[in-house]
$ cat query01.pdb   # PDB, C-alpha atoms and all ligand atoms
ATOM      1  CA  MET B 876       8.025  -7.180   8.838
ATOM      2  CA  LYS B 877       9.121  -3.998   7.023
ATOM      3  CA  ARG B 878       6.572  -1.545   5.746
ATOM      4  CA  LEU B 879       7.028  -0.219   2.214
ATOM      5  CA  ALA B 880       5.557   2.740   0.384
ATOM      6  CA  VAL B 881       5.679   2.723  -3.417
ATOM      7  CA  PHE B 882       5.563   6.003  -5.363
ATOM      8  CA  ALA B 883       4.393   5.693  -8.976
ATOM      9  CA  SER B 884       2.872   7.823 -11.729
ATOM     10  CA  GLY B 885       1.863   5.389 -14.451
ATOM     11  CA  ASN B 886       1.437   1.763 -15.385
ATOM     12  CA  GLY B 887       2.638   0.203 -12.154
ATOM     13  CA  SER B 888       4.140  -3.086 -13.308
ATOM     14  CA  ASN B 889       7.011  -2.593 -10.843
ATOM     15  CA  PHE B 890       4.525  -1.721  -8.118
ATOM     16  CA  GLU B 891       2.768  -5.022  -8.786
ATOM     17  CA  ALA B 892       6.057  -6.954  -8.873
ATOM     18  CA  ILE B 893       6.922  -5.555  -5.435
ATOM     19  CA  VAL B 894       3.479  -6.460  -4.085
ATOM     20  CA  GLN B 895       3.889  -9.984  -5.494
ATOM     21  CA  GLY B 896       7.362 -10.165  -3.976
ATOM     22  CA  CYS B 897       5.759  -9.505  -0.589
ATOM     23  CA  VAL B 898       2.850 -11.893  -1.132
ATOM     24  CA  SER B 899       4.744 -14.854  -2.531
ATOM     25  CA  GLY B 900       8.278 -13.868  -3.454
ATOM     26  CA  GLY B 901       9.941 -14.240  -0.091
ATOM     27  CA  LEU B 902      10.078 -10.558   0.883
ATOM     28  CA  ASP B 903       9.513 -10.064   4.590
ATOM     29  CA  ALA B 904       7.647  -6.839   3.868
ATOM     30  CA  GLN B 905       4.281  -5.374   3.141
ATOM     31  CA  VAL B 906       3.289  -2.609   0.711
ATOM     32  CA  ALA B 907       1.397  -0.370   3.117
ATOM     33  CA  LEU B 908       0.913   2.634   0.849
ATOM     34  CA  LEU B 909       0.876   3.737  -2.777
ATOM     35  CA  VAL B 910       1.600   7.403  -3.437
ATOM     36  CA  CYS B 911       0.532   8.569  -6.882
ATOM     37  CA  ASP B 912       0.526  11.998  -8.523
ATOM     38  CA  LYS B 913      -1.927  11.074 -11.278
ATOM     39  CA  GLN B 914      -5.543  10.093 -10.668
ATOM     40  CA  SER B 915      -5.901   8.263 -14.016
ATOM     41  CA  ALA B 916      -2.741   6.149 -13.666
ATOM     42  CA  TYR B 917      -3.263   2.404 -14.067
ATOM     43  CA  VAL B 918      -1.229   1.783 -10.927
ATOM     44  CA  VAL B 919      -4.185   3.136  -8.917
ATOM     45  CA  GLU B 920      -6.373   0.335 -10.255
ATOM     46  CA  ARG B 921      -3.688  -2.226  -9.475
ATOM     47  CA  ALA B 922      -3.501  -0.989  -5.865
ATOM     48  CA  GLY B 923      -7.295  -1.182  -5.629
ATOM     49  CA  ASN B 924      -7.179  -4.834  -6.703
ATOM     50  CA  TYR B 925      -4.942  -5.600  -3.741
ATOM     51  CA  GLY B 926      -6.793  -3.335  -1.307
ATOM     52  CA  ILE B 927      -3.676  -1.226  -0.775
ATOM     53  CA  GLU B 928      -4.148   2.243   0.667
ATOM     54  CA  THR B 929      -3.519   4.917  -1.944
ATOM     55  CA  PHE B 930      -2.739   8.595  -1.569
ATOM     56  CA  ILE B 931      -3.420  10.419  -4.828
ATOM     57  CA  PHE B 932      -2.476  14.054  -5.125
ATOM     58  CA  ASP B 933      -2.465  16.648  -7.875
ATOM     59  CA  PRO B 934       0.756  18.671  -7.714
ATOM     60  CA  LYS B 935      -1.021  21.586  -9.412
ATOM     61  CA  GLU B 936      -3.179  22.028  -6.335
ATOM     62  CA  TYR B 937      -0.171  22.898  -4.194
ATOM     63  CA  ALA B 938       1.800  26.126  -4.218
ATOM     64  CA  ALA B 939       5.149  24.346  -3.925
ATOM     65  CA  LYS B 940       6.743  20.905  -3.986
ATOM     66  CA  SER B 941       7.518  21.256  -0.286
ATOM     67  CA  ASP B 942       3.781  21.499   0.452
ATOM     68  CA  PHE B 943       2.802  18.162  -1.029
ATOM     69  CA  GLU B 944       6.000  16.540   0.195
ATOM     70  CA  MET B 945       5.185  17.686   3.719
ATOM     71  CA  GLN B 946       1.806  15.984   3.482
ATOM     72  CA  ILE B 947       3.445  12.830   2.113
ATOM     73  CA  CYS B 948       5.990  12.863   4.968
ATOM     74  CA  GLU B 949       3.176  13.008   7.502
ATOM     75  CA  LEU B 950       1.547   9.979   5.894
ATOM     76  CA  LEU B 951       4.819   8.052   5.788
ATOM     77  CA  ASN B 952       5.361   8.806   9.467
ATOM     78  CA  GLU B 953       1.834   7.848  10.454
ATOM     79  CA  ARG B 954       2.029   4.583   8.509
ATOM     80  CA  GLU B 955       5.478   3.852   9.972
ATOM     81  CA  ILE B 956       7.066   3.347   6.566
ATOM     82  CA  ASP B 957      10.575   1.850   6.610
ATOM     83  CA  LEU B 958      11.451   2.132   2.928
ATOM     84  CA  VAL B 959      10.161   4.199  -0.001
ATOM     85  CA  CYS B 960      10.414   2.580  -3.444
ATOM     86  CA  LEU B 961      10.072   4.861  -6.451
ATOM     87  CA  ALA B 962       8.667   2.892  -9.366
ATOM     88  CA  GLY B 963       8.042   5.131 -12.340
ATOM     89  CA  TYR B 964       7.461   8.202 -10.140
ATOM     90  CA  MET B 965       7.936  11.021 -12.625
ATOM     91  CA  ARG B 966       9.264  13.675 -10.227
ATOM     92  CA  ILE B 967      12.546  14.604  -8.690
ATOM     93  CA  VAL B 968      12.323  14.101  -4.957
ATOM     94  CA  GLY B 969      12.718  17.408  -3.114
ATOM     95  CA  LYS B 970      14.527  18.357   0.046
ATOM     96  CA  THR B 971      11.468  18.037   2.277
ATOM     97  CA  LEU B 972      11.229  14.306   1.641
ATOM     98  CA  LEU B 973      14.983  13.824   1.453
ATOM     99  CA  SER B 974      15.642  15.510   4.764
ATOM    100  CA  GLU B 975      13.274  13.113   6.536
ATOM    101  CA  TYR B 976      13.701   9.959   4.461
ATOM    102  CA  GLY B 977      17.162  10.345   2.890
ATOM    103  CA  GLY B 978      18.878   6.958   2.728
ATOM    104  CA  LYS B 979      15.492   5.257   2.817
ATOM    105  CA  ILE B 980      14.353   6.094  -0.705
ATOM    106  CA  ILE B 981      15.318   3.902  -3.652
ATOM    107  CA  ASN B 982      14.573   4.003  -7.378
ATOM    108  CA  ILE B 983      14.754   1.743 -10.401
ATOM    109  CA  HIS B 984      15.908   2.912 -13.811
ATOM    110  CA  PRO B 985      15.927   0.997 -17.112
ATOM    111  CA  SER B 986      19.555   1.567 -18.094
ATOM    112  CA  ILE B 987      23.046   0.999 -16.819
ATOM    113  CA  LEU B 988      23.421   4.299 -14.969
ATOM    114  CA  PRO B 989      24.984   6.800 -15.333
ATOM    115  CA  ASP B 990      24.129   6.219 -19.014
ATOM    116  CA  PHE B 991      20.716   7.315 -20.269
ATOM    117  CA  LYS B 992      19.368   9.160 -17.250
ATOM    118  CA  GLY B 993      15.887  10.618 -17.577
ATOM    119  CA  THR B 994      12.828   9.643 -19.572
ATOM    120  CA  HIS B 995      12.655   7.280 -22.578
ATOM    121  CA  ALA B 996      15.862   5.613 -21.467
ATOM    122  CA  ILE B 997      15.102   2.351 -23.270
ATOM    123  CA  GLU B 998      14.350   3.988 -26.633
ATOM    124  CA  ARG B 999      17.386   6.229 -26.325
ATOM    125  CA  SER B1000      19.692   3.340 -25.472
ATOM    126  CA  PHE B1001      18.261   1.322 -28.375
ATOM    127  CA  GLU B1002      18.749   4.196 -30.798
ATOM    128  CA  SER B1003      22.279   4.899 -29.595
ATOM    129  CA  GLY B1004      23.441   1.638 -31.146
ATOM    130  CA  LYS B1005      25.698   1.024 -28.146
ATOM    131  CA  GLY B1006      24.152  -2.402 -27.650
ATOM    132  CA  VAL B1007      24.494  -2.245 -23.869
ATOM    133  CA  TYR B1008      21.234  -2.473 -21.981
ATOM    134  CA  GLY B1009      20.299  -3.047 -18.405
ATOM    135  CA  VAL B1010      18.665  -2.086 -15.173
ATOM    136  CA  THR B1011      19.915  -0.130 -12.160
ATOM    137  CA  THR B1012      18.556   0.310  -8.662
ATOM    138  CA  HIS B1013      19.970   3.126  -6.568
ATOM    139  CA  TYR B1014      19.462   5.276  -3.524
ATOM    140  CA  VAL B1015      17.800   8.583  -4.347
ATOM    141  CA  ASP B1016      19.372  11.989  -3.968
ATOM    142  CA  ASP B1017      18.210  15.369  -5.252
ATOM    143  CA  THR B1018      19.525  14.805  -8.787
ATOM    144  CA  LEU B1019      17.875  13.083 -11.731
ATOM    145  CA  ASP B1020      18.551   9.331 -11.477
ATOM    146  CA  GLY B1021      21.558  10.050  -9.259
ATOM    147  CA  GLY B1022      22.540   8.483  -5.925
ATOM    148  CA  GLU B1023      24.507   5.453  -4.797
ATOM    149  CA  ILE B1024      24.004   2.385  -6.976
ATOM    150  CA  ILE B1025      22.675  -0.744  -5.269
ATOM    151  CA  VAL B1026      22.240  -3.352  -8.024
ATOM    152  CA  GLN B1027      22.950  -3.337 -11.767
ATOM    153  CA  GLU B1028      22.079  -6.088 -14.188
ATOM    154  CA  ILE B1029      22.991  -6.221 -17.851
ATOM    155  CA  VAL B1030      20.290  -7.224 -20.338
ATOM    156  CA  VAL B1031      21.501  -8.898 -23.528
ATOM    157  CA  TYR B1032      19.506  -8.204 -26.672
ATOM    158  CA  ASN B1033      20.758  -8.427 -30.210
ATOM    159  CA  GLY B1034      17.435  -8.162 -32.020
ATOM    160  CA  GLY B1035      16.014  -5.195 -33.874
ATOM    161  CA  ARG B1036      12.716  -4.544 -32.108
ATOM    162  CA  VAL B1037      12.558  -1.915 -29.397
ATOM    163  CA  GLU B1038       9.234  -3.337 -28.123
ATOM    164  CA  LYS B1039      10.912  -6.686 -27.476
ATOM    165  CA  LEU B1040      13.804  -4.961 -25.699
ATOM    166  CA  GLU B1041      11.318  -3.056 -23.534
ATOM    167  CA  GLU B1042       9.568  -6.274 -22.575
ATOM    168  CA  LEU B1043      12.857  -7.900 -21.662
ATOM    169  CA  ILE B1044      14.068  -4.946 -19.609
ATOM    170  CA  HIS B1045      10.801  -4.688 -17.703
ATOM    171  CA  SER B1046      10.868  -8.358 -16.795
ATOM    172  CA  VAL B1047      14.433  -7.955 -15.493
ATOM    173  CA  GLU B1048      13.344  -4.836 -13.558
ATOM    174  CA  HIS B1049      10.667  -6.794 -11.739
ATOM    175  CA  LYS B1050      13.187  -9.379 -10.568
ATOM    176  CA  VAL B1051      15.915  -6.860  -9.728
ATOM    177  CA  TYR B1052      13.604  -4.605  -7.722
ATOM    178  CA  VAL B1053      12.495  -7.452  -5.468
ATOM    179  CA  GLU B1054      16.136  -8.591  -5.051
ATOM    180  CA  THR B1055      17.163  -5.045  -4.154
ATOM    181  CA  ILE B1056      14.485  -4.662  -1.497
ATOM    182  CA  LYS B1057      15.414  -8.042  -0.066
ATOM    183  CA  LYS B1058      19.047  -7.019   0.120
ATOM    184  CA  ILE B1059      18.182  -3.806   1.974
ATOM    185  CA  ILE B1060      15.696  -5.189   4.458
ATOM    186  CA  GLU B1061      17.844  -8.191   5.340
ATOM    187  CA  ARG B1062      20.873  -6.032   6.013
TER     188      ARG B1062
HETATM  189  C1  LIG B1101      10.241   1.552 -15.358
HETATM  190  O1  LIG B1101      10.907   1.291 -16.565
HETATM  191  C2  LIG B1101      11.159   2.168 -14.350
HETATM  192  O2  LIG B1101      12.470   1.724 -14.471
HETATM  193  C3  LIG B1101      11.088   3.628 -14.701
HETATM  194  O3  LIG B1101       9.739   3.837 -15.035
HETATM  195  C4  LIG B1101       9.176   2.628 -15.539
HETATM  196  C5  LIG B1101       7.938   2.344 -14.755
HETATM  197  O4  LIG B1101       7.233   1.240 -15.266
HETATM  198  N1  LIG B1101      11.578   4.448 -13.625
HETATM  199  P1  LIG B1101       5.992   0.641 -14.469
HETATM  200  O5  LIG B1101       5.033   1.808 -14.236
HETATM  201  O6  LIG B1101       6.507   0.090 -13.188
HETATM  202  O7  LIG B1101       5.393  -0.393 -15.366
END
$ encode --input "query01.pdb" --output "structure tokens" --more "lines below"
Ligand code: GRF
Amino acid sequence: MKRLAVFASGNGSNFEAIVQGCVSGGLDAQVALLVCDKQSAYVVERAGNYGIETFIFDPKEYAAKSDFEMQICELLNEREIDLVCLAGYMRIVGKTLLSEYGGKIINIHPSILPDFKGTHAIERSFESGKGVYGVTTHYVDDTLDGGEIIVQEIVVYNGGRVEKLEELIHSVEHKVYVETIKKIIER
């Protein structure tokens, strides 16, 4: 059984979808660790509900990114983590983590990359009027939402409410993230 770490900064619906994928969604994996850079994030409560070990850190308490990433690397090593899943982790992964875990870190983004990289991707894609929405999972490199694409799924929405589009995209994310992990760990 593969051991996963999820990195998140906020709500944690993807974190929970991954946990559910392990519990009852056919993933031969276990979420062994949540890494979170924000004490007040709702994802921390979600992890507590499942009794999942959580490492919370405040980046401001470290002199440099490499310092907290070094500590995270130690934890990942100790917990024998096979795959790191970024799920709303609002930081660019630095070279400390990438040099140890490169090729083993994946991310999910709510657009058809390379379009709409960065924050507020759903609102920006809605406002662009392009009418093309979707979800991408990809390996992580040292660029914003860059790295080799693993899975992309188009989301069709012709309505006029961004909230509805958001709901739709998030539900597709939850499915696509579990499918992506399955694809990687069964390889
Ligand atoms: C998701 O839309 C994900 O694609 C993006 O951040 C959001 C996190 O949502 N990277 P949640 O915290 O998993 O609910």
$ closest_residue --input "query01.pdb" --among "B:Pro985, B:Gly926, B:Pro934, B:Gly963" --to "Val894 in chain B" --atoms "only C-alpha atoms"
B:Gly926
$ resolve_selection --input "query01.pdb" --expression "the PyMOL selection byres (((chain B and resi 1020-1029) around 7) and not hetatm)" --output "PyMOL selection string"
chain B and resi 987+992-993+1008-1016+1018-1019+1030-1031+1055
$ closest_residue --input "query01.pdb" --among "B:Lys1039, B:Tyr1052, B:Glu975, B:Gly896" --to "Cys960 in chain B" --atoms "all atoms listed in the file"
B:Tyr1052
$ residues_near_ligand --input "query01.pdb" --ligand "ligand LIG 1101 (chain B)" --cutoff "6 Å" --atoms "only C-alpha atoms and all ligand atoms" --output "list in words"
Gly885, Asn886, Gly887, Ser888, Asn889, Phe890, Ala962, Gly963, Ile983, His984 and Pro985 of chain B
$ atom_distance --input "query01.pdb" --atom1 "CA of Ile981 in chain B" --atom2 "CA of Ile1056 in chain B"
8.9 Å
$ closest_residue --input "query01.pdb" --among "B:Ile997, B:Ser899, B:Ala880, B:Asp957" --to "Thr929 in chain B" --atoms "all atoms listed in the file"
B:Ala880
$ closest_residue --input "query01.pdb" --among "B:Gln946, B:Asn982, B:Ser1046, B:Ser915" --to "Tyr964 in chain B" --atoms "only C-alpha atoms"
B:Asn982
$ atom_distance --input "query01.pdb" --atom1 "CA of Lys940 in chain B" --atom2 "CA of Asp912 in chain B"
11.8 Å
$ resolve_selection --input "query01.pdb" --expression "the PyMOL selection byres (((chain B and resi 956) around 8) and not hetatm)" --output "list in words"
Lys877, Arg878, Leu879, Ala880, Ala907, Leu951, Asn952, Glu953, Arg954, Glu955, Asp957, Leu958 and Val959 of chain B
$ atom_distance --input "query01.pdb" --atom1 "CA of Tyr1032 in chain B" --atom2 "CA of Arg999 in chain B"
14.6 Å
$ closest_residue --input "query01.pdb" --among "B:Ser941, B:Ser986, B:Gln905, B:Thr994" --to "Glu928 in chain B" --atoms "all atoms listed in the file"
B:Gln905
$ closest_residue --input "query01.pdb" --among "B:Val1051, B:Ile1059, B:Cys948, B:Cys911" --to "Ser974 in chain B" --atoms "only C-alpha atoms"
B:Cys948
$ axis_aligned_box --input "query01.pdb" --around "range 967-975 of chain B" --padding-each-side "4 Å" --output "lines of an AutoDock Vina configuration file"
center_x = 13.4
center_y = 15.7
center_z = -1.1
size_x = 12.4
size_y = 13.2
size_z = 23.2
$ residues_around --input "query01.pdb" --residues "Gly1035 in chain B" --least-positions-apart "4" --cutoff "12 Å" --atoms "all atoms listed in the file" --output "list in words"
Glu998, Phe1001, Glu1002, Gly1004, Gly1006, Lys1039, Leu1040 and Glu1041 of chain B
$ decode --input "query01.pdb" --residues "range 985-1000 of chain B" --atoms "N, CA and C atoms" --output "short mmCIF file (atom, residue, chain, number, x, y, z; two decimals), in the first residue's frame"
data_model
loop_
_atom_site.label_atom_id
_atom_site.label_comp_id
_atom_site.auth_asym_id
_atom_site.auth_seq_id
_atom_site.Cartn_x
_atom_site.Cartn_y
_atom_site.Cartn_z
N PRO B 985 -7.53 23.99 -11.49
CA PRO B 985 -8.89 24.04 -12.08
C PRO B 985 -8.97 24.76 -13.41
N SER B 986 -8.14 24.36 -14.36
CA SER B 986 -8.25 24.89 -15.73
C SER B 986 -7.59 23.88 -16.65
N ILE B 987 -7.75 24.13 -17.94
CA ILE B 987 -7.02 23.32 -18.92
C ILE B 987 -5.67 24.01 -19.11
N LEU B 988 -4.68 23.55 -18.37
CA LEU B 988 -3.34 24.15 -18.47
C LEU B 988 -2.79 23.93 -19.88
N PRO B 989 -2.03 24.87 -20.43
CA PRO B 989 -1.39 25.99 -19.74
C PRO B 989 -2.25 27.25 -19.60
N ASP B 990 -3.53 27.18 -19.93
CA ASP B 990 -4.38 28.37 -19.76
C ASP B 990 -4.68 28.62 -18.29
N PHE B 991 -4.76 29.85 -17.92
CA PHE B 991 -5.19 30.27 -16.58
C PHE B 991 -4.38 29.66 -15.43
N LYS B 992 -3.09 29.78 -15.54
CA LYS B 992 -2.22 29.39 -14.40
C LYS B 992 -2.46 30.36 -13.26
N GLY B 993 -2.13 29.94 -12.05
CA GLY B 993 -2.19 30.86 -10.91
C GLY B 993 -3.54 30.88 -10.21
N THR B 994 -3.70 31.86 -9.33
CA THR B 994 -4.90 31.89 -8.49
C THR B 994 -6.14 32.38 -9.27
N HIS B 995 -7.30 32.11 -8.69
CA HIS B 995 -8.60 32.52 -9.26
C HIS B 995 -8.78 32.06 -10.70
N ALA B 996 -8.30 30.87 -10.97
CA ALA B 996 -8.34 30.36 -12.34
C ALA B 996 -9.79 30.19 -12.83
N ILE B 997 -10.67 29.79 -11.95
CA ILE B 997 -12.06 29.54 -12.40
C ILE B 997 -12.73 30.87 -12.76
N GLU B 998 -12.61 31.85 -11.88
CA GLU B 998 -13.21 33.17 -12.17
C GLU B 998 -12.61 33.75 -13.45
N ARG B 999 -11.30 33.64 -13.58
CA ARG B 999 -10.66 34.24 -14.76
C ARG B 999 -11.10 33.52 -16.05
N SER B 1000 -11.25 32.20 -15.97
CA SER B 1000 -11.68 31.50 -17.19
C SER B 1000 -13.13 31.84 -17.51
#
